[in-house]
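Enquirer: Data file input.cif (mmCIF, C-alpha atoms) is appended below.
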data_final
#
loop_
_atom_site.label_atom_id
_atom_site.label_comp_id
_atom_site.auth_asym_id
_atom_site.auth_seq_id
_atom_site.Cartn_x
_atom_site.Cartn_y
_atom_site.Cartn_z
CA MET U 1 -6.11 -0.17 9.26
CA GLY U 2 -6.37 2.71 11.67
CA PHE U 3 -4.69 5.47 13.64
CA THR U 4 -3.74 4.95 17.28
CA PRO U 5 -1.77 6.49 20.14
CA LEU U 6 0.35 4.00 22.12
CA ASP U 7 2.06 4.11 25.52
CA GLN U 8 4.40 1.97 27.63
CA GLN U 9 1.89 -0.90 27.57
CA TRP U 10 2.83 -1.48 23.91
CA GLN U 11 5.62 -3.97 24.66
CA TYR U 12 5.37 -7.40 23.05
CA ASP U 13 7.90 -10.12 22.36
CA ARG U 14 8.05 -13.09 19.97
CA VAL U 15 5.12 -12.02 17.82
CA ILE U 16 4.61 -13.86 14.54
CA SER U 17 1.79 -12.82 12.20
CA PRO U 18 0.18 -14.35 9.11
CA PHE U 19 0.09 -10.89 7.53
CA SER U 20 2.42 -7.94 6.96
CA ARG U 21 2.26 -4.63 8.81
CA MET U 22 3.00 -1.10 7.66
CA TYR U 23 3.36 1.90 9.98
CA LEU U 24 3.50 5.65 9.40
CA ILE U 25 4.84 7.25 12.58
CA THR U 26 3.47 10.72 13.30
CA ASP U 27 4.71 11.46 16.84
CA GLY U 28 6.73 9.97 19.71
CA GLU U 29 9.20 7.11 19.52
CA GLY U 30 9.38 3.33 19.87
CA TRP U 31 11.12 0.44 18.20
CA VAL U 32 10.47 -2.86 16.45
CA SER U 33 12.88 -5.66 15.63
CA HIS U 34 12.69 -8.46 13.07
CA ASN U 35 15.03 -10.31 10.70
CA GLY U 36 17.92 -9.66 13.10
CA GLN U 37 17.50 -5.87 12.85
CA LYS U 38 16.21 -3.23 15.25
CA PHE U 39 14.35 -0.23 13.81
CA VAL U 40 13.78 2.91 15.87
CA LEU U 41 10.32 4.21 15.00
CA LYS U 42 10.66 7.91 14.15
CA PRO U 43 8.07 10.49 13.03
CA GLY U 44 8.02 11.04 9.29
CA TYR U 45 9.08 7.47 8.39
CA LEU U 46 7.32 4.39 7.01
CA TYR U 47 8.09 0.92 8.41
CA LEU U 48 7.35 -2.55 7.05
CA ILE U 49 7.16 -5.74 9.14
CA PRO U 50 6.98 -8.91 6.99
CA SER U 51 4.57 -11.76 7.59
CA PHE U 52 5.65 -14.95 9.39
CA THR U 53 8.63 -13.19 10.97
CA TYR U 54 9.38 -13.22 14.69
CA SER U 55 9.26 -9.62 15.83
CA ARG U 56 9.28 -7.45 18.96
CA TYR U 57 7.45 -4.18 19.69
CA HIS U 58 8.34 -1.56 22.29
CA CYS U 59 7.23 1.91 23.36
CA GLU U 60 8.87 3.61 26.33
CA GLU U 61 6.52 6.59 26.75
CA TYR U 62 4.39 7.65 23.77
CA LEU U 63 4.01 6.68 20.12
CA GLU U 64 1.46 7.75 17.54
CA GLN U 65 0.98 5.90 14.26
CA PHE U 66 -1.16 5.03 11.29
CA TYR U 67 -1.09 1.28 10.66
CA LEU U 68 -2.05 -1.16 7.91
CA THR U 69 -2.21 -4.93 8.05
CA PHE U 70 -2.37 -6.84 4.77
CA PHE U 71 -1.72 -10.22 3.20
CA ASP U 72 1.29 -10.30 0.88
CA GLU U 73 0.79 -13.60 -0.95
CA LEU U 74 0.84 -13.34 -4.74
CA GLU U 75 -1.37 -15.34 -7.08
CA GLU U 76 1.34 -17.97 -7.52
CA GLY U 77 1.42 -18.63 -3.77
CA LEU U 78 4.73 -16.83 -3.32
CA SER U 79 5.19 -14.00 -0.87
CA ILE U 80 6.24 -10.69 -2.42
CA TYR U 81 9.35 -10.93 -0.22
CA GLU U 82 10.41 -14.07 -2.10
CA THR U 83 10.39 -12.32 -5.46
CA ARG U 84 12.41 -9.16 -4.93
CA PRO U 85 14.43 -7.23 -2.32
CA VAL U 86 12.62 -4.79 -0.04
CA ARG U 87 13.60 -2.18 2.54
CA TYR U 88 11.93 -2.05 5.94
CA GLU U 89 12.39 1.64 6.77
CA VAL U 90 11.95 4.55 4.33
CA PRO U 91 11.28 8.29 4.66
CA ALA U 92 7.60 9.09 4.16
CA LEU U 93 6.67 11.43 1.32
CA PRO U 94 4.82 14.64 2.17
CA HIS U 95 1.47 13.31 0.92
CA ASP U 96 1.68 9.85 2.54
CA ARG U 97 -0.33 10.98 5.56
CA LEU U 98 -3.09 12.07 3.19
CA LEU U 99 -3.02 8.60 1.61
CA PHE U 100 -3.47 6.93 4.99
CA GLU U 101 -6.29 9.32 5.88
CA ARG U 102 -7.96 8.55 2.55
CA LEU U 103 -7.69 4.81 3.23
CA LEU U 104 -9.43 5.27 6.58
CA ALA U 105 -12.20 7.28 4.91
CA LEU U 106 -12.68 4.57 2.26
CA ASN U 107 -12.59 1.76 4.82
CA PRO U 108 -14.40 2.75 8.02
CA ASN U 109 -14.68 0.41 11.01
CA ARG U 110 -11.58 -1.60 10.17
CA ALA U 111 -9.55 -0.55 13.18
CA ILE U 112 -8.00 -3.16 15.48
CA ILE U 113 -9.40 -2.78 18.99
CA GLU U 114 -6.96 -5.13 20.77
CA LYS U 115 -3.47 -3.59 20.84
CA ASP U 116 -1.70 -6.87 21.69
CA PRO U 117 -0.66 -8.25 18.25
CA LYS U 118 -0.58 -11.81 19.59
CA LEU U 119 -4.27 -11.55 20.39
CA TYR U 120 -5.57 -9.85 17.27
CA ASP U 121 -3.42 -11.99 14.96
CA ASN U 122 -4.92 -15.22 16.14
CA ARG U 123 -8.61 -15.41 15.47
CA PRO U 124 -10.63 -17.54 13.05
CA GLU U 125 -12.19 -14.48 11.40
CA ILE U 126 -8.88 -13.09 10.18
CA LEU U 127 -9.09 -14.57 6.68
CA SER U 128 -12.65 -13.38 6.04
CA PHE U 129 -11.75 -10.01 7.63
CA ASN U 130 -9.44 -9.47 4.68
CA GLN U 131 -12.38 -9.58 2.26
CA ARG U 132 -14.86 -6.75 1.66
CA ALA U 133 -17.31 -8.04 -0.92
CA ASP U 134 -19.75 -5.27 0.03
CA GLN U 135 -17.30 -2.48 -0.79
CA PRO U 136 -18.28 -0.45 -3.88
CA LEU U 137 -16.02 -1.15 -6.84
CA PRO U 138 -14.62 2.42 -7.08
CA ASP U 139 -13.68 2.34 -3.37
CA TYR U 140 -12.16 -1.13 -3.75
CA LEU U 141 -10.02 -0.06 -6.71
CA GLU U 142 -8.90 3.16 -5.00
CA THR U 143 -8.05 1.24 -1.81
CA ASN U 144 -5.86 -1.22 -3.69
CA GLY U 145 -4.24 1.58 -5.68
CA ILE U 146 -3.26 3.40 -2.49
CA LEU U 147 -1.97 0.20 -0.88
CA LEU U 148 0.20 -0.52 -3.91
CA GLN U 149 1.45 3.07 -3.97
CA LEU U 150 2.48 2.90 -0.30
CA PHE U 151 4.07 -0.52 -0.66
CA SER U 152 6.07 0.66 -3.66
CA ARG U 153 8.07 2.92 -1.33
CA PHE U 154 9.81 -0.15 0.09
CA LEU U 155 10.86 -1.79 -3.19
CA GLU U 156 14.50 -1.67 -4.21
CA GLY U 157 15.90 -1.70 -7.72
CA GLN U 158 16.51 -5.16 -9.15
CA THR U 159 19.85 -6.47 -10.37
CA ASP U 160 20.19 -8.36 -13.64
CA GLN U 161 20.29 -11.62 -11.67
CA GLU U 162 17.08 -10.72 -9.83
CA ASN U 163 15.42 -9.76 -13.12
CA ARG U 164 16.32 -13.17 -14.57
CA ARG U 165 14.91 -14.86 -11.47
CA ALA U 166 11.67 -12.88 -11.80
CA GLN U 167 11.39 -13.99 -15.43
CA GLY U 168 12.00 -17.58 -14.36
CA LEU U 169 9.29 -17.38 -11.70
CA HIS U 170 6.92 -16.10 -14.37
CA GLN U 171 7.85 -19.10 -16.51
CA LEU U 172 6.91 -21.40 -13.60
CA SER U 173 3.80 -19.46 -12.61
CA ALA U 174 1.35 -22.17 -13.76
CA VAL U 175 3.16 -24.78 -11.65
CA LEU U 176 3.40 -22.51 -8.60
CA GLN U 177 -0.30 -21.69 -8.82
CA PHE U 178 -1.12 -25.39 -9.19
CA ILE U 179 0.88 -26.21 -6.05
CA ASN U 180 -0.72 -23.39 -4.07
CA ARG U 181 -4.25 -24.46 -4.99
CA ASN U 182 -3.73 -28.18 -4.41
CA LEU U 183 -1.66 -28.45 -1.23
CA HIS U 184 -4.30 -30.74 0.23
CA ASP U 185 -3.85 -33.31 -2.57
CA LYS U 186 -1.16 -35.91 -3.10
CA LEU U 187 1.12 -34.26 -5.67
CA THR U 188 3.97 -35.94 -7.54
CA ILE U 189 6.98 -34.60 -9.38
CA GLU U 190 5.53 -36.13 -12.55
CA GLN U 191 2.34 -34.08 -12.17
CA LEU U 192 4.29 -30.88 -11.69
CA ALA U 193 6.55 -31.54 -14.67
CA GLU U 194 3.54 -32.31 -16.83
CA LYS U 195 1.96 -29.01 -15.76
CA ALA U 196 5.10 -27.24 -17.02
CA HIS U 197 5.13 -29.33 -20.22
CA LEU U 198 8.66 -30.53 -19.44
CA ASN U 199 10.28 -33.89 -18.74
CA VAL U 200 10.90 -34.65 -15.07
CA ASP U 201 14.70 -34.30 -15.05
CA TYR U 202 14.79 -30.98 -16.90
CA PHE U 203 11.88 -29.61 -14.86
CA SER U 204 13.63 -30.50 -11.58
CA ARG U 205 16.87 -28.80 -12.64
CA LEU U 206 15.04 -25.73 -13.94
CA PHE U 207 12.93 -25.41 -10.77
CA LEU U 208 16.01 -25.68 -8.54
CA SER U 209 17.91 -23.07 -10.56
CA ILE U 210 15.05 -20.56 -10.42
CA VAL U 211 13.40 -21.11 -7.02
CA GLY U 212 16.48 -22.25 -5.13
CA VAL U 213 15.03 -25.50 -3.76
CA ARG U 214 13.92 -28.78 -5.31
CA PRO U 215 10.23 -29.03 -6.32
CA MET U 216 9.21 -31.48 -3.59
CA ASP U 217 11.09 -29.50 -0.91
CA TYR U 218 9.24 -26.38 -2.08
CA LEU U 219 5.96 -28.29 -1.84
CA ILE U 220 6.70 -29.35 1.74
CA ASN U 221 7.69 -25.80 2.70
CA LYS U 222 4.44 -24.41 1.33
CA ARG U 223 2.43 -27.06 3.16
CA LEU U 224 4.12 -26.16 6.43
CA GLU U 225 3.57 -22.44 5.86
CA ARG U 226 -0.11 -23.12 5.16
CA ALA U 227 -0.20 -25.15 8.37
CA GLN U 228 1.25 -22.15 10.24
CA LEU U 229 -1.54 -19.96 8.94
CA LEU U 230 -4.24 -22.49 9.81
CA MET U 231 -2.87 -22.92 13.32
CA MET U 232 -3.18 -19.20 13.91
CA THR U 233 -6.51 -18.59 12.17
CA SER U 234 -8.66 -21.68 12.75
CA ARG U 235 -9.93 -23.89 15.53
CA SER U 236 -9.03 -27.08 13.65
CA SER U 237 -7.04 -29.71 15.51
CA LEU U 238 -3.44 -30.36 14.51
CA LYS U 239 -4.51 -33.66 12.92
CA GLU U 240 -7.16 -31.87 10.86
CA ILE U 241 -4.65 -29.21 9.81
CA ALA U 242 -2.13 -31.88 8.80
CA GLU U 243 -4.78 -33.45 6.57
CA GLN U 244 -5.77 -30.08 5.10
CA VAL U 245 -2.18 -29.40 3.98
CA GLY U 246 -1.64 -32.82 2.45
CA ILE U 247 0.43 -34.47 5.23
CA PRO U 248 -2.19 -36.75 6.81
CA ASN U 249 0.27 -38.66 9.01
CA ILE U 250 0.33 -36.50 12.15
CA TYR U 251 3.65 -37.96 13.35
CA TYR U 252 5.36 -37.25 10.04
CA PHE U 253 3.77 -33.80 9.97
CA SER U 254 5.05 -33.03 13.48
CA ARG U 255 8.56 -34.19 12.56
CA LEU U 256 8.63 -32.03 9.43
CA PHE U 257 7.25 -29.02 11.28
CA LYS U 258 9.80 -29.25 14.07
CA ARG U 259 12.65 -29.70 11.61
CA ARG U 260 11.57 -26.58 9.69
CA PHE U 261 10.68 -24.28 12.60
CA GLN U 262 12.72 -25.77 15.48
CA VAL U 263 9.59 -26.17 17.62
CA PRO U 264 6.83 -28.83 17.72
CA PRO U 265 3.50 -27.71 16.22
CA GLY U 266 1.68 -27.93 19.55
CA GLU U 267 4.23 -25.68 21.23
CA TYR U 268 4.16 -23.30 18.27
CA ARG U 269 0.41 -22.89 18.63
CA SER U 270 0.72 -22.39 22.39
CA ARG U 271 3.34 -19.67 21.92
CA ALA U 272 0.92 -17.85 19.65
CA ARG U 273 -1.59 -17.83 22.52
CA PHE U 274 -4.18 -19.57 20.43
CA GLY U 275 -6.70 -22.15 21.62
#
How does the structure come out when it is put into structure tokens?
Expert:
Amino acid sequence: MGFTPLDQQWQYDRVISPFSRMYLITDGEGWVSHNGQKFVLKPGYLYLIPSFTYSRYHCEEYLEQFYLTFFDELEEGLSIYETRPVRYEVPALPHDRLLFERLLALNPNRAIIEKDPKLYDNRPEILSFNQRADQPLPDYLETNGILLQLFSRFLEGQTDQENRRAQGLHQLSAVLQFINRNLHDKLTIEQLAEKAHLNVDYFSRLFLSIVGVRPMDYLINKRLERAQLLMMTSRSSLKEIAEQVGIPNIYYFSRLFKRRFQVPPGEYRSRARFG
């Protein structure tokens, strides 16, 4: 988190990050694009850029902003964006600047020095950088409270269908947590059904109706997403990463990765300017 002035050098294309970004624009103008939308960055507005989304950043002359970078994964291994609809541009409230300033006071020396997001996204320290075990408990609690308060600005009201889905995800929370914590192991549909205390056929139908994909397809997707993160935040080889996410056959891993992301894993890592 930090506050920074930007100029015409802030122009980056095809950025993909393992974390989300939030901006409060205070002066100037620029734009970002992601999810097929272009957002003009205007003073007095908050902006959200989701994790693992190809995005572009542009400033023509001058832009001034507070920024936050944060991980959005929930305990179950889901991203918050998978559980409910969000907006990506909202008017800032009058006291939001004070909240950002308070965050900076509570968390000194957490500014990003390198302005190129492709460079500061991709470093092995990024996961440990997210942890502050030395932070006093009152500061930690206040920090998280402010982050939640700011993020709440982007949440939309839920429909009855979305409420039912949220209840269903809660029903499957033990299974989702089990998957997230054991991606490196060989998991079977029988194990997952047993974790939910259901027979295999009913569990498979229930999972599909709630999550939208079959259990084993969900497992593969989560393994590939974990592989994305490891490619961008570790020095491990692709073979080592494949083993760490439970797909030890590097050729099968490469085929799955390319089918999901339309690019081979080696090329994906090269595009991220890592290694």
Enquirer: Set the distance at 8 Å and use only C-alpha atoms: which residues neighbour segment 16-23 of chain U once local chain neighbours fewer than 4 positions away are removed? I'd like the list as a PyMOL selection string.
Expert: chain U and resi 46-55+65-72+117-118+121+228-229+232+272
Enquirer: Can you list, as a ChimeraX atom specification, the residues that the PyMOL selection byres ((chain U and resi 133-145) around 9) selects here?
Expert: /U:102-103,106-107,131-132,146-150
Enquirer: So that I can check the surroundings of segment 210-213 of chain U, please list as a compact mmCIF listing (two decimals) with C-alpha atoms, keeping the file's coordinate frame every protein, DNA and RNA residue that reaches within 8 Å of it, counting only C-alpha atoms and ignoring chain neighbours fewer than 5 positions away.
Expert:
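selection-v2.txt was written with the following content:
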# COMPACT_ATOMS: atom_id res chain seq x y z
CA ARG U 165 14.91 -14.86 -11.47
CA GLY U 168 12.00 -17.58 -14.36
CA LEU U 169 9.29 -17.38 -11.70
CA TYR U 218 9.24 -26.38 -2.08
Enquirer: Would you list the contacts of Leu6 of chain U as a count of residues only, taking every protein, DNA or RNA residue within 9 Å and counting only C-alpha atoms, but skipping same-chain residues closer than 2 positions in sequence?
Expert: 11
Enquirer: List the residues selected by the PyMOL selection byres ((chain U and resi 85) around 8) in the file shown, writing them as a PyMOL selection string.
Expert: chain U and resi 81-84+86-87+155-158
Enquirer: Once the PyMOL selection byres ((chain U and resi 178) around 12) is applied to the coordinates I shared, what remains selected? I want it as a count of residues only.
Expert: 27
Enquirer: Excluding Ile250 of chain U and any residue of its chain fewer than 5 positions from it, enumerate the residues within 9 Å of it, using all atoms listed in the file, and give them as a count of residues only.
Expert: 6
